[in-house]
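Q: Got a file for you: entry-v4.cif, mmCIF, C-alpha atoms.
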```cif
data_run
loop_
_atom_site.label_atom_id
_atom_site.label_comp_id
_atom_site.auth_asym_id
_atom_site.auth_seq_id
_atom_site.Cartn_x
_atom_site.Cartn_y
_atom_site.Cartn_z
CA MET M 22 0.00 0.00 0.00
CA ASN M 23 2.77 2.42 0.91
CA LYS M 24 4.56 1.53 -2.34
CA LYS M 25 1.48 2.49 -4.37
CA ILE M 26 1.22 5.79 -2.52
CA ILE M 27 4.87 6.57 -3.20
CA LEU M 28 4.49 5.73 -6.90
CA CYS M 29 1.42 7.95 -7.18
CA PHE M 30 3.25 10.76 -5.41
CA LEU M 31 6.23 10.47 -7.78
CA PHE M 32 3.87 10.49 -10.79
CA ILE M 33 2.16 13.67 -9.58
CA VAL M 34 5.52 15.33 -8.93
CA SER M 35 6.75 14.45 -12.41
CA ILE M 36 3.64 16.00 -13.96
CA PHE M 37 4.12 19.15 -11.87
CA VAL M 38 7.79 19.45 -12.88
CA PHE M 39 6.91 18.98 -16.56
CA SER M 40 4.23 21.63 -16.27
CA CYS M 41 6.62 24.10 -14.62
CA ASN M 42 9.26 23.53 -17.27
CA LYS M 43 6.70 24.04 -20.00
CA ASN M 44 5.56 27.32 -18.45
CA THR M 45 9.15 28.46 -18.02
CA ASN M 46 9.86 27.90 -21.69
CA THR M 47 6.76 29.89 -22.64
CA ASP M 48 7.75 32.75 -20.37
CA ALA M 49 11.25 32.75 -21.86
CA ASN M 50 9.71 33.60 -25.23
CA SER M 51 7.38 36.30 -23.94
CA PHE M 52 7.90 40.00 -23.36
CA GLU M 53 6.36 41.78 -20.38
CA ILE M 54 6.83 45.31 -21.73
CA ALA M 55 5.87 46.12 -25.31
CA ILE M 56 6.57 49.43 -27.03
CA LEU M 57 4.51 50.06 -30.16
CA ILE M 58 5.56 52.59 -32.79
CA ASP M 59 3.90 53.78 -35.97
CA LEU M 60 5.39 56.92 -37.55
CA GLY M 61 9.13 57.08 -38.18
CA PRO M 62 11.91 54.70 -37.08
CA ILE M 63 12.53 53.55 -33.51
CA ASP M 64 15.85 55.47 -33.55
CA ASP M 65 14.37 58.74 -34.86
CA LYS M 66 16.51 60.80 -32.43
CA SER M 67 13.19 62.23 -31.28
CA PHE M 68 9.85 61.05 -29.91
CA ASN M 69 10.01 57.31 -30.65
CA GLN M 70 13.56 56.96 -29.43
CA GLY M 71 12.89 58.87 -26.21
CA SER M 72 9.94 56.58 -25.41
CA TRP M 73 11.88 53.45 -26.36
CA GLU M 74 14.89 54.39 -24.26
CA GLY M 75 12.77 55.14 -21.19
CA ALA M 76 11.08 51.73 -21.27
CA LYS M 77 14.30 49.96 -22.24
CA GLN M 78 16.22 51.55 -19.38
CA TYR M 79 13.72 50.42 -16.77
CA ALA M 80 13.49 46.92 -18.24
CA GLU M 81 17.24 46.40 -18.31
CA ASN M 82 17.73 47.89 -14.84
CA HIS M 83 15.15 45.50 -13.40
CA ASN M 84 15.69 42.42 -15.59
CA VAL M 85 12.29 42.65 -17.27
CA SER M 86 11.80 41.34 -20.82
CA TYR M 87 10.84 43.91 -23.45
CA LYS M 88 10.26 44.25 -27.17
CA TYR M 89 9.03 46.80 -29.69
CA TYR M 90 6.44 46.26 -32.40
CA ARG M 91 5.77 48.35 -35.50
CA VAL M 92 2.22 49.06 -36.60
CA PRO M 93 2.24 48.18 -40.34
CA ASP M 94 -0.53 50.52 -41.50
CA LYS M 95 -2.39 53.59 -40.29
CA ASP M 96 -5.90 52.11 -40.05
CA ILE M 97 -7.34 51.26 -36.65
CA ASP M 98 -7.41 47.51 -37.40
CA SER M 99 -3.63 47.55 -37.83
CA TYR M 100 -3.23 49.28 -34.48
CA LEU M 101 -5.57 46.84 -32.73
CA ASN M 102 -3.96 43.81 -34.41
CA THR M 103 -0.52 44.95 -33.28
CA ILE M 104 -1.79 45.43 -29.73
CA ASP M 105 -3.28 41.91 -29.88
CA LEU M 106 0.04 40.55 -31.14
CA ALA M 107 1.84 42.16 -28.20
CA VAL M 108 -0.69 40.77 -25.71
CA LYS M 109 -0.35 37.27 -27.17
CA GLY M 110 3.42 37.74 -26.87
CA GLY M 111 3.00 38.10 -23.11
CA ALA M 112 2.82 41.88 -22.72
CA LYS M 113 1.55 43.04 -19.35
CA LEU M 114 2.38 46.69 -20.05
CA ILE M 115 2.09 48.36 -23.45
CA VAL M 116 3.64 51.77 -24.16
CA THR M 117 2.26 53.65 -27.17
CA PRO M 118 3.94 56.94 -28.13
CA GLY M 119 1.84 59.22 -30.31
CA TYR M 120 -1.65 60.62 -30.77
CA MET M 121 -2.50 58.19 -33.57
CA PHE M 122 -2.84 55.45 -30.94
CA GLU M 123 -5.74 57.27 -29.27
CA PRO M 124 -8.68 55.44 -30.97
CA ALA M 125 -6.99 52.05 -30.63
CA ILE M 126 -6.27 52.50 -26.92
CA TYR M 127 -9.85 53.73 -26.44
CA LYS M 128 -11.01 50.25 -27.52
CA ALA M 129 -8.10 48.10 -26.36
CA GLN M 130 -8.21 49.27 -22.73
CA ASP M 131 -11.66 47.68 -22.35
CA ILE M 132 -10.82 44.55 -24.36
CA TYR M 133 -7.61 43.69 -22.49
CA THR M 134 -8.55 44.59 -18.94
CA ASN M 135 -5.62 42.64 -17.47
CA VAL M 136 -3.12 44.62 -19.54
CA HIS M 137 -1.98 48.14 -18.66
CA PHE M 138 -1.38 50.89 -21.21
CA ILE M 139 0.75 54.04 -21.16
CA LEU M 140 -0.33 56.46 -23.88
CA ILE M 141 2.25 59.15 -24.54
CA ASP M 142 1.20 62.46 -26.10
CA GLY M 143 -2.47 61.56 -26.32
CA GLU M 144 -5.71 60.63 -24.58
CA PRO M 145 -7.92 57.65 -25.45
CA GLN M 146 -10.76 58.85 -27.71
CA ASP M 147 -13.27 57.16 -30.01
CA GLY M 148 -11.87 58.58 -33.24
CA THR M 149 -14.22 61.54 -33.41
CA GLY M 150 -12.13 63.68 -31.07
CA SER M 151 -15.17 64.35 -28.91
CA ASN M 152 -15.59 61.27 -26.70
CA TYR M 153 -12.65 60.63 -24.37
CA LYS M 154 -12.29 57.87 -21.78
CA THR M 155 -9.25 56.78 -19.81
CA SER M 156 -9.90 53.45 -18.09
CA PRO M 157 -8.25 52.41 -14.80
CA ASN M 158 -5.69 50.29 -16.70
CA THR M 159 -4.55 53.26 -18.80
CA SER M 160 -2.38 56.25 -17.98
CA ALA M 161 -2.31 59.15 -20.48
CA ILE M 162 0.62 61.57 -20.49
CA LEU M 163 0.60 64.97 -22.18
CA TYR M 164 3.24 67.71 -22.19
CA ALA M 165 3.09 71.49 -22.14
CA GLU M 166 4.66 71.88 -25.58
CA GLU M 167 3.62 75.53 -25.65
CA GLU M 168 6.00 76.15 -22.74
CA ALA M 169 8.90 74.30 -24.40
CA GLY M 170 8.28 76.21 -27.62
CA PHE M 171 8.06 79.48 -25.70
CA LEU M 172 11.49 78.89 -24.15
CA ALA M 173 12.96 78.15 -27.59
CA GLY M 174 11.52 81.30 -29.15
CA TYR M 175 12.45 83.46 -26.19
CA SER M 176 16.05 82.23 -26.07
CA ILE M 177 16.70 82.55 -29.79
CA VAL M 178 15.55 86.18 -29.92
CA LYS M 179 17.54 86.98 -26.78
CA GLU M 180 20.49 85.43 -28.60
CA GLY M 181 20.05 88.07 -31.29
CA TYR M 182 18.34 86.30 -34.20
CA THR M 183 15.53 88.09 -36.00
CA ASN M 184 14.73 85.98 -39.08
CA LEU M 185 13.13 82.77 -37.87
CA GLY M 186 11.18 79.82 -39.19
CA PHE M 187 8.88 77.13 -37.83
CA ILE M 188 8.42 73.88 -39.75
CA GLY M 189 5.89 71.59 -38.09
CA GLY M 190 4.99 68.06 -39.13
CA VAL M 191 1.27 67.31 -39.04
CA ALA M 192 -0.86 70.10 -37.55
CA HIS M 193 -1.74 67.98 -34.53
CA PRO M 194 -2.37 69.74 -31.19
CA ALA M 195 1.08 68.89 -29.79
CA VAL M 196 2.84 70.28 -32.88
CA VAL M 197 0.56 73.33 -32.92
CA ARG M 198 1.36 74.00 -29.28
CA PHE M 199 5.09 73.90 -30.06
CA GLY M 200 4.57 76.42 -32.87
CA TYR M 201 2.30 78.77 -30.93
CA GLY M 202 4.70 78.76 -28.00
CA PHE M 203 7.68 79.45 -30.25
CA VAL M 204 6.01 82.49 -31.80
CA GLN M 205 4.90 83.88 -28.43
CA GLY M 206 8.29 83.32 -26.82
CA ALA M 207 9.98 85.21 -29.64
CA ASP M 208 7.46 88.02 -29.30
CA TYR M 209 7.86 88.20 -25.51
CA ALA M 210 11.65 88.49 -25.79
CA ALA M 211 11.33 91.12 -28.53
CA VAL M 212 9.09 93.22 -26.30
CA GLU M 213 11.59 92.92 -23.45
CA LEU M 214 14.34 94.05 -25.82
CA ARG M 215 12.11 96.93 -27.00
CA LEU M 216 12.43 95.94 -30.63
CA PRO M 217 10.17 97.78 -33.12
CA LYS M 218 7.04 96.19 -34.56
CA ASN M 219 7.65 93.68 -37.40
CA SER M 220 11.38 93.55 -36.67
CA ILE M 221 11.16 89.79 -36.03
CA ASN M 222 10.16 87.89 -39.18
CA MET M 223 8.74 84.38 -38.87
CA LYS M 224 8.04 81.95 -41.69
CA TYR M 225 5.56 79.31 -40.45
CA THR M 226 4.22 76.09 -42.00
CA TYR M 227 3.12 72.48 -41.48
CA ILE M 228 4.52 70.00 -44.02
CA GLY M 229 1.97 67.26 -43.33
CA ASN M 230 4.48 64.48 -42.53
CA TYR M 231 7.36 63.47 -40.28
CA ASP M 232 9.63 62.04 -42.96
CA PRO M 233 13.24 62.88 -43.91
CA THR M 234 12.60 63.55 -47.59
CA PRO M 235 14.36 65.52 -50.35
CA GLU M 236 11.25 67.70 -50.61
CA ASN M 237 11.49 68.72 -46.96
CA GLN M 238 15.20 69.44 -47.33
CA THR M 239 14.52 71.57 -50.40
CA LEU M 240 11.86 73.56 -48.55
CA ALA M 241 14.16 74.24 -45.61
CA ALA M 242 17.04 75.16 -47.93
CA SER M 243 14.83 77.69 -49.73
CA TRP M 244 14.00 79.31 -46.40
CA TYR M 245 17.65 79.61 -45.40
CA GLN M 246 18.49 81.01 -48.82
CA SER M 247 15.74 83.62 -48.42
CA GLY M 248 17.34 84.91 -45.21
CA VAL M 249 15.95 82.69 -42.43
CA GLN M 250 18.64 82.20 -39.81
CA VAL M 251 17.10 79.61 -37.47
CA ILE M 252 14.37 77.03 -38.07
CA PHE M 253 12.52 75.30 -35.27
CA ALA M 254 11.79 71.85 -36.74
CA ALA M 255 8.95 70.24 -34.77
CA ALA M 256 8.58 67.49 -37.33
CA GLY M 257 10.07 64.25 -36.01
CA ALA M 258 12.51 62.62 -38.42
CA ALA M 259 11.85 65.39 -40.97
CA GLY M 260 14.08 67.47 -38.70
CA ASN M 261 17.01 65.58 -40.23
CA SER M 262 16.13 67.14 -43.59
CA VAL M 263 16.15 70.57 -41.99
CA MET M 264 19.53 69.87 -40.40
CA SER M 265 20.96 68.82 -43.77
CA ALA M 266 19.64 72.01 -45.35
CA ALA M 267 21.09 74.07 -42.50
CA GLY M 268 24.49 72.46 -42.90
CA SER M 269 24.60 73.42 -46.58
CA ASN M 270 23.34 76.97 -46.06
CA ASN M 271 25.04 78.22 -42.88
CA GLY M 272 21.74 77.94 -41.00
CA LEU M 273 20.83 76.85 -37.50
CA VAL M 274 18.19 74.44 -36.19
CA ILE M 275 16.21 74.14 -32.99
CA GLY M 276 15.64 70.46 -32.26
CA VAL M 277 12.50 68.98 -30.75
CA ASP M 278 11.30 66.49 -28.13
CA VAL M 279 14.79 65.41 -27.02
CA ASP M 280 18.26 66.97 -26.99
CA GLN M 281 19.28 66.73 -30.65
CA SER M 282 22.62 68.50 -30.30
CA PHE M 283 24.49 65.26 -30.99
CA GLU M 284 22.60 64.82 -34.25
CA SER M 285 24.09 67.84 -36.02
CA PRO M 286 26.43 70.75 -35.28
CA THR M 287 23.70 73.00 -36.71
CA VAL M 288 21.47 72.41 -33.64
CA ILE M 289 21.75 75.46 -31.40
CA THR M 290 19.29 74.16 -28.80
CA SER M 291 16.26 71.85 -28.50
CA ALA M 292 12.74 72.31 -27.16
CA ILE M 293 12.55 69.16 -25.11
CA LYS M 294 9.91 67.12 -23.39
CA MET M 295 11.20 64.80 -20.69
CA ILE M 296 9.96 61.81 -22.66
CA ARG M 297 12.54 59.25 -21.60
CA GLU M 298 12.21 60.23 -17.95
CA SER M 299 8.41 60.26 -17.97
CA VAL M 300 8.18 56.87 -19.70
CA TYR M 301 10.71 55.42 -17.27
CA ASN M 302 8.76 56.77 -14.30
CA SER M 303 5.44 55.53 -15.68
CA VAL M 304 6.80 52.04 -16.26
CA ALA M 305 8.24 52.10 -12.75
CA SER M 306 4.83 53.09 -11.35
CA PHE M 307 3.30 49.97 -12.91
CA TYR M 308 5.80 47.75 -11.14
CA ASN M 309 5.80 49.54 -7.77
CA GLY M 310 2.03 49.73 -7.47
CA THR M 311 1.53 53.47 -7.98
CA PHE M 312 0.20 53.36 -11.55
CA ASN M 313 -1.84 56.49 -12.38
CA GLY M 314 -4.65 54.61 -14.07
CA GLY M 315 -7.71 56.48 -15.29
CA LYS M 316 -5.87 59.81 -15.33
CA THR M 317 -4.36 62.25 -17.80
CA ILE M 318 -1.16 63.86 -16.56
CA ILE M 319 0.16 67.09 -18.08
CA LEU M 320 3.89 67.55 -17.56
CA ASP M 321 4.90 71.23 -17.56
CA ALA M 322 7.54 73.53 -16.08
CA GLN M 323 6.09 73.11 -12.59
CA VAL M 324 7.16 69.46 -12.58
CA ASN M 325 10.24 69.95 -14.80
CA GLY M 326 8.44 68.21 -17.64
CA ILE M 327 9.79 70.47 -20.41
CA GLY M 328 12.80 72.68 -21.00
CA LEU M 329 15.96 73.49 -22.95
CA PRO M 330 19.19 71.46 -22.55
CA MET M 331 21.31 74.40 -21.50
CA SER M 332 24.53 72.41 -21.02
CA ALA M 333 24.35 71.20 -24.64
CA SER M 334 23.08 74.44 -26.20
CA LYS M 335 25.40 76.62 -28.27
CA PHE M 336 24.27 80.01 -27.00
CA LYS M 337 26.77 82.86 -26.83
CA VAL M 338 24.51 85.52 -25.29
CA PHE M 339 21.59 83.74 -23.62
CA ASN M 340 22.93 82.25 -20.40
CA LYS M 341 21.90 80.03 -17.48
CA ASP M 342 20.75 82.97 -15.36
CA ASP M 343 18.52 84.17 -18.22
CA TYR M 344 17.12 80.68 -18.56
CA ASP M 345 16.45 80.23 -14.86
CA PHE M 346 14.67 83.58 -14.73
CA ILE M 347 12.26 82.85 -17.59
CA TYR M 348 11.77 79.23 -16.46
CA ASN M 349 10.73 80.39 -13.00
CA THR M 350 8.30 82.77 -14.66
CA LEU M 351 6.69 79.75 -16.33
CA ILE M 352 6.61 77.87 -13.04
CA ASN M 353 4.82 80.77 -11.39
CA LYS M 354 2.35 81.01 -14.31
CA THR M 355 2.80 84.78 -14.60
CA ILE M 356 2.88 84.57 -18.42
CA LYS M 357 -0.23 83.60 -20.36
CA ILE M 358 0.80 81.33 -23.22
CA TYR M 359 -1.96 80.63 -25.71
CA LYS M 360 -2.19 77.09 -27.07
CA ASP M 361 -4.08 75.12 -29.69
CA THR M 362 -7.44 75.49 -27.95
CA ASP M 363 -7.08 79.27 -27.63
CA ALA M 364 -6.54 80.29 -31.28
CA ALA M 365 -7.69 78.78 -34.56
CA SER M 366 -4.50 79.77 -36.35
CA VAL M 367 -1.10 81.23 -35.57
CA GLU M 368 -2.32 84.33 -37.40
CA ASN M 369 -4.93 84.82 -34.65
CA LEU M 370 -2.33 85.19 -31.91
CA SER M 371 -2.00 88.66 -30.44
CA LEU M 372 1.57 89.67 -31.27
CA LYS M 373 3.31 92.99 -30.68
CA VAL M 374 6.56 92.61 -32.61
CA VAL M 375 6.69 89.33 -34.56
CA LYS M 376 5.48 89.38 -38.17
CA ILE M 377 4.11 86.02 -39.36
CA ASP M 378 4.46 84.75 -42.92
CA TYR M 379 2.14 81.74 -42.84
CA VAL M 380 3.04 79.41 -45.70
CA LYS M 381 -0.05 77.26 -46.39
#
```
Can you dump the structure from the file as structure tokens?
A:
Amino acid sequence: MNKKIILCFLFIVSIFVFSCNKNTNTDANSFEIAILIDLGPIDDKSFNQGSWEGAKQYAENHNVSYKYYRVPDKDIDSYLNTIDLAVKGGAKLIVTPGYMFEPAIYKAQDIYTNVHFILIDGEPQDGTGSNYKTSPNTSAILYAEEEAGFLAGYSIVKEGYTNLGFIGGVAHPAVVRFGYGFVQGADYAAVELRLPKNSINMKYTYIGNYDPTPENQTLAASWYQSGVQVIFAAAGAAGNSVMSAAGSNNGLVIGVDVDQSFESPTVITSAIKMIRESVYNSVASFYNGTFNGGKTIILDAQVNGIGLPMSASKFKVFNKDDYDFIYNTLINKTIKIYKDTDAASVENLSLKVVKIDYVK
């Protein structure tokens, strides 16, 4: 009798061991953190790369498996299918950088209730732009791009430049906020310097893409050749085209999203969002139990969510004391910066010095 019991016990143990080994092998091929990208390459030296590096840094620091997936097309089915692929690959946390993920996350957050989502630069909405919902398993992160753009415009005019340009990618709210802030920062500095009306000239356009193309380089080159000294390129990887044009025409570039000074010697400064840091912190919150589910967080100057990389900037006149002064002004909210919801067009902004040449 005892022999039968022992044999049964050994049989049960063998089944348990086999089951554990099988599960271990499955886990070895799964990825807990998934980063999904759509527009541009993963190493775009901008938005995608900042998001990727934030998640990657946390994963490697804490021995968590991770992987990135590319959405093949721009229709919502492609987004949802890629999310499903990541979930089937074992993802417990999915990071999606970019506003084009909004409709997909709006649906996915209620389909995959055991999966958590971090939506960067957007809020879950049904595709109409009118119905928003952030479920408890989703955290949405926005940035005060108008403040980052303001700092860029303010600093470049304080530096002494008067012929400026803004080339935005798609006229999405985040890009529009960068542009509006840039114009207002330039105007604010010009008023402080008591410059006469229309003494700051600003070419302004949206190119409708984020791609490094010959057409975008040609456009930027034509601006430099017409007298533009500095172009703020809030256009993702298309900024590389602007940098190439600047290099051939003795122009300067203001980078975007992350410090792009290492990308080209033409980059005088960058209007940055603390993307890598905010993604890292959001991933950490998932693992330490403080996940901000069901909320939209706006990262601004008050929480050091935006800024200029002063140590990497190539200013000769605008200095750290100047920067700290204007940054503290933003923290204290003593300057009203109009954003995408306050004006239908850059031409509707109330400006005292800057003259806008809106290239449609």
Q: Measure the distance from atom CA of M:Asn270 to atom CA of M:Asn219 in Å and round it to one decimal.
A: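 Atom CA of M:Asn270 sits 24.5 Å away from atom CA of M:Asn219.
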Q: Spell out the residues picked by the PyMOL selection byres ((chain M and resi 209) around 10) here, as a PDB file with C-alpha atoms, in the coordinates of the input.
A:
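Heads up, here's the output in selection_33.pdb:
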```
ATOM      1  CA  PHE M 171       8.060  79.480 -25.700  1.00  0.00           C
ATOM      2  CA  GLY M 174      11.520  81.300 -29.150  1.00  0.00           C
ATOM      3  CA  TYR M 175      12.450  83.460 -26.190  1.00  0.00           C
ATOM      4  CA  VAL M 178      15.550  86.180 -29.920  1.00  0.00           C
ATOM      5  CA  LYS M 179      17.540  86.980 -26.780  1.00  0.00           C
ATOM      6  CA  PHE M 203       7.680  79.450 -30.250  1.00  0.00           C
ATOM      7  CA  VAL M 204       6.010  82.490 -31.800  1.00  0.00           C
ATOM      8  CA  GLN M 205       4.900  83.880 -28.430  1.00  0.00           C
ATOM      9  CA  GLY M 206       8.290  83.320 -26.820  1.00  0.00           C
ATOM     10  CA  ALA M 207       9.980  85.210 -29.640  1.00  0.00           C
ATOM     11  CA  ASP M 208       7.460  88.020 -29.300  1.00  0.00           C
ATOM     12  CA  ALA M 210      11.650  88.490 -25.790  1.00  0.00           C
ATOM     13  CA  ALA M 211      11.330  91.120 -28.530  1.00  0.00           C
ATOM     14  CA  VAL M 212       9.090  93.220 -26.300  1.00  0.00           C
ATOM     15  CA  GLU M 213      11.590  92.920 -23.450  1.00  0.00           C
ATOM     16  CA  LEU M 214      14.340  94.050 -25.820  1.00  0.00           C
ATOM     17  CA  ARG M 215      12.110  96.930 -27.000  1.00  0.00           C
ATOM     18  CA  ILE M 356       2.880  84.570 -18.420  1.00  0.00           C
ATOM     19  CA  LEU M 372       1.570  89.670 -31.270  1.00  0.00           C
ATOM     20  CA  LYS M 373       3.310  92.990 -30.680  1.00  0.00           C
ATOM     21  CA  VAL M 374       6.560  92.610 -32.610  1.00  0.00           C
ATOM     22  CA  VAL M 375       6.690  89.330 -34.560  1.00  0.00           C
TER      23      VAL M 375
END
```
Q: Under the rule that all atoms listed in the file are counted, which of M:Leu101, M:Val338, M:Leu106, M:Met121 is the nearest residue to M:Asp59?
A: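 For M:Asp59, the nearest of the candidates is M:Met121.
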Q: Select from stretch 106-144 of chain M every residue with an atom at most 12 Å from any atom of stretch 300-308 of chain M, then for each give the shortest pair of atoms and their distance in Å to one decimal, using all atoms listed in the file, rows by chain and rising number, as CSV.
A:
```
residue,atom,partner,partner_atom,distance
M:Lys113,CA,M:Phe307,CA,9.6
M:Leu114,CA,M:Val304,CA,7.9
M:Ile115,CA,M:Val304,CA,9.4
M:Val116,CA,M:Val300,CA,8.2
M:Thr117,CA,M:Val300,CA,10.1
M:Pro118,CA,M:Val300,CA,9.4
M:Val136,CA,M:Phe307,CA,10.7
M:His137,CA,M:Phe307,CA,8.0
M:Phe138,CA,M:Phe307,CA,9.6
M:Ile139,CA,M:Ser303,CA,7.4
M:Leu140,CA,M:Val300,CA,9.5
M:Ile141,CA,M:Val300,CA,8.0
M:Asp142,CA,M:Val300,CA,11.0
```
Q: Show which residues sit within 7 Å of M:Gln130, as number ranges by chain. Count all atoms listed in the file, and ignore same-chain residues fewer than 3 positions away.
A: M: 126-127, 133-134, 156, 158-159
Q: Just checking: using all atoms listed in the file, which residue out of M:Asp345, M:Asn353, M:Tyr359, M:Glu284 ends up closest to M:Asp64?
A: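 Among the listed residues, the smallest separation from M:Asp64 belongs to M:Glu284.
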Q: What separation in Å, quoted to one decimal, exists between atom CA of M:Leu163 and atom CA of M:Glu81?
A: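 Between atom CA of M:Leu163 and atom CA of M:Glu81 the gap is 25.2 Å.
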Q: Starting from the PyMOL selection byres ((chain M and resi 196) around 12), expand the selection into actual residues of this file and give them as a ChimeraX atom specification.
A: /M:68,119-120,142,164-167,169-170,187-195,197-203,226-231,253-257,277-278,292,360-361,367
Q: Rounded to one decimal in Å, what is the spacing between atom CA of M:Ser291 and atom CA of M:Leu329?
A: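 Separation between atom CA of M:Ser291 and atom CA of M:Leu329: 5.8 Å.
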Q: List the residues selected by the PyMOL selection byres ((chain M and resi 314) around 8) in the file shown, writing them as a CSV table (one decimal) with C-alpha atoms, keeping the file's coordinate frame.
A:
```csv
chain,number,residue,atom,x,y,z
M,155,THR,CA,-9.2,56.8,-19.8
M,156,SER,CA,-9.9,53.4,-18.1
M,157,PRO,CA,-8.2,52.4,-14.8
M,158,ASN,CA,-5.7,50.3,-16.7
M,159,THR,CA,-4.6,53.3,-18.8
M,160,SER,CA,-2.4,56.2,-18.0
M,312,PHE,CA,0.2,53.4,-11.6
M,313,ASN,CA,-1.8,56.5,-12.4
M,315,GLY,CA,-7.7,56.5,-15.3
M,316,LYS,CA,-5.9,59.8,-15.3
```
Q: Using all atoms listed in the file, which of the listed residues (M:Tyr225, M:Phe336, M:Tyr79, M:Tyr87) sits closest to M:Ile54?
A: M:Tyr87
Q: Between M:Gly268, M:Gly186, M:Pro286, M:Gly328, which residue has the minimum interatomic distance to M:Val251, considering all atoms listed in the file?
A: M:Gly186
Q: Compare M:Lys376, M:Gly326, M:Asn340, M:Thr183 by their minimum atom-to-atom distance to M:Ile352, counting all atoms listed in the file, and give me the closest one.
A: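 Closest candidate: M:Gly326.
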Q: So which residues touch M:Tyr90 within 12 Å, counting only C-alpha atoms, skipping near sequence neighbours fewer than 4 positions away, as a tab-separated table (two decimals) with C-alpha atoms, in the coordinates of the input?
A:
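Final output, saved to part-v3.tsv:
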```tsv
chain	number	residue	atom	x	y	z
M	52	PHE	CA	7.90	40.00	-23.36
M	54	ILE	CA	6.83	45.31	-21.73
M	55	ALA	CA	5.87	46.12	-25.31
M	56	ILE	CA	6.57	49.43	-27.03
M	57	LEU	CA	4.51	50.06	-30.16
M	58	ILE	CA	5.56	52.59	-32.79
M	59	ASP	CA	3.90	53.78	-35.97
M	60	LEU	CA	5.39	56.92	-37.55
M	62	PRO	CA	11.91	54.70	-37.08
M	63	ILE	CA	12.53	53.55	-33.51
M	69	ASN	CA	10.01	57.31	-30.65
M	73	TRP	CA	11.88	53.45	-26.36
M	99	SER	CA	-3.63	47.55	-37.83
M	100	TYR	CA	-3.23	49.28	-34.48
M	102	ASN	CA	-3.96	43.81	-34.41
M	103	THR	CA	-0.52	44.95	-33.28
M	104	ILE	CA	-1.79	45.43	-29.73
M	105	ASP	CA	-3.28	41.91	-29.88
M	106	LEU	CA	0.04	40.55	-31.14
M	107	ALA	CA	1.84	42.16	-28.20
M	108	VAL	CA	-0.69	40.77	-25.71
M	110	GLY	CA	3.42	37.74	-26.87
M	112	ALA	CA	2.82	41.88	-22.72
M	115	ILE	CA	2.09	48.36	-23.45
M	116	VAL	CA	3.64	51.77	-24.16
M	117	THR	CA	2.26	53.65	-27.17
M	118	PRO	CA	3.94	56.94	-28.13
```
Q: Any chance you could work out the axis-aligned box around stretch 165-178 of chain M, listed atoms only, 5 Å on each side, giving centre and edge lengths in Å to one decimal, as AutoDock Vina command-line options?
A:
```
--center_x 9.9 --center_y 78.8 --center_z -26.0 --size_x 23.6 --size_y 24.7 --size_z 17.8
```
Q: Give me, as a list of chain:residue names, all polymer residues having an atom no more than 7 Å from stretch 261-263 of chain M, counting only C-alpha atoms and skipping those fewer than 3 positions away in the same chain.
A: M:Pro233, M:Thr234, M:Asn237, M:Gln238, M:Ala241, M:Ala254, M:Ala258, M:Ala266, M:Ala267
Q: Near M:Asn152, within 12 Å and counting all atoms listed in the file, which residues show up once chain neighbours fewer than 3 positions away are dropped, as a PyMOL selection string?
A: chain M and resi 123-124+127-128+144-149+155
Q: Taking all atoms listed in the file into account, name the residue in M:Ile97, M:Met223, M:Leu216, M:Leu172 that is nearest to M:Ile347.
A: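 The closest residue to M:Ile347 is M:Leu172.
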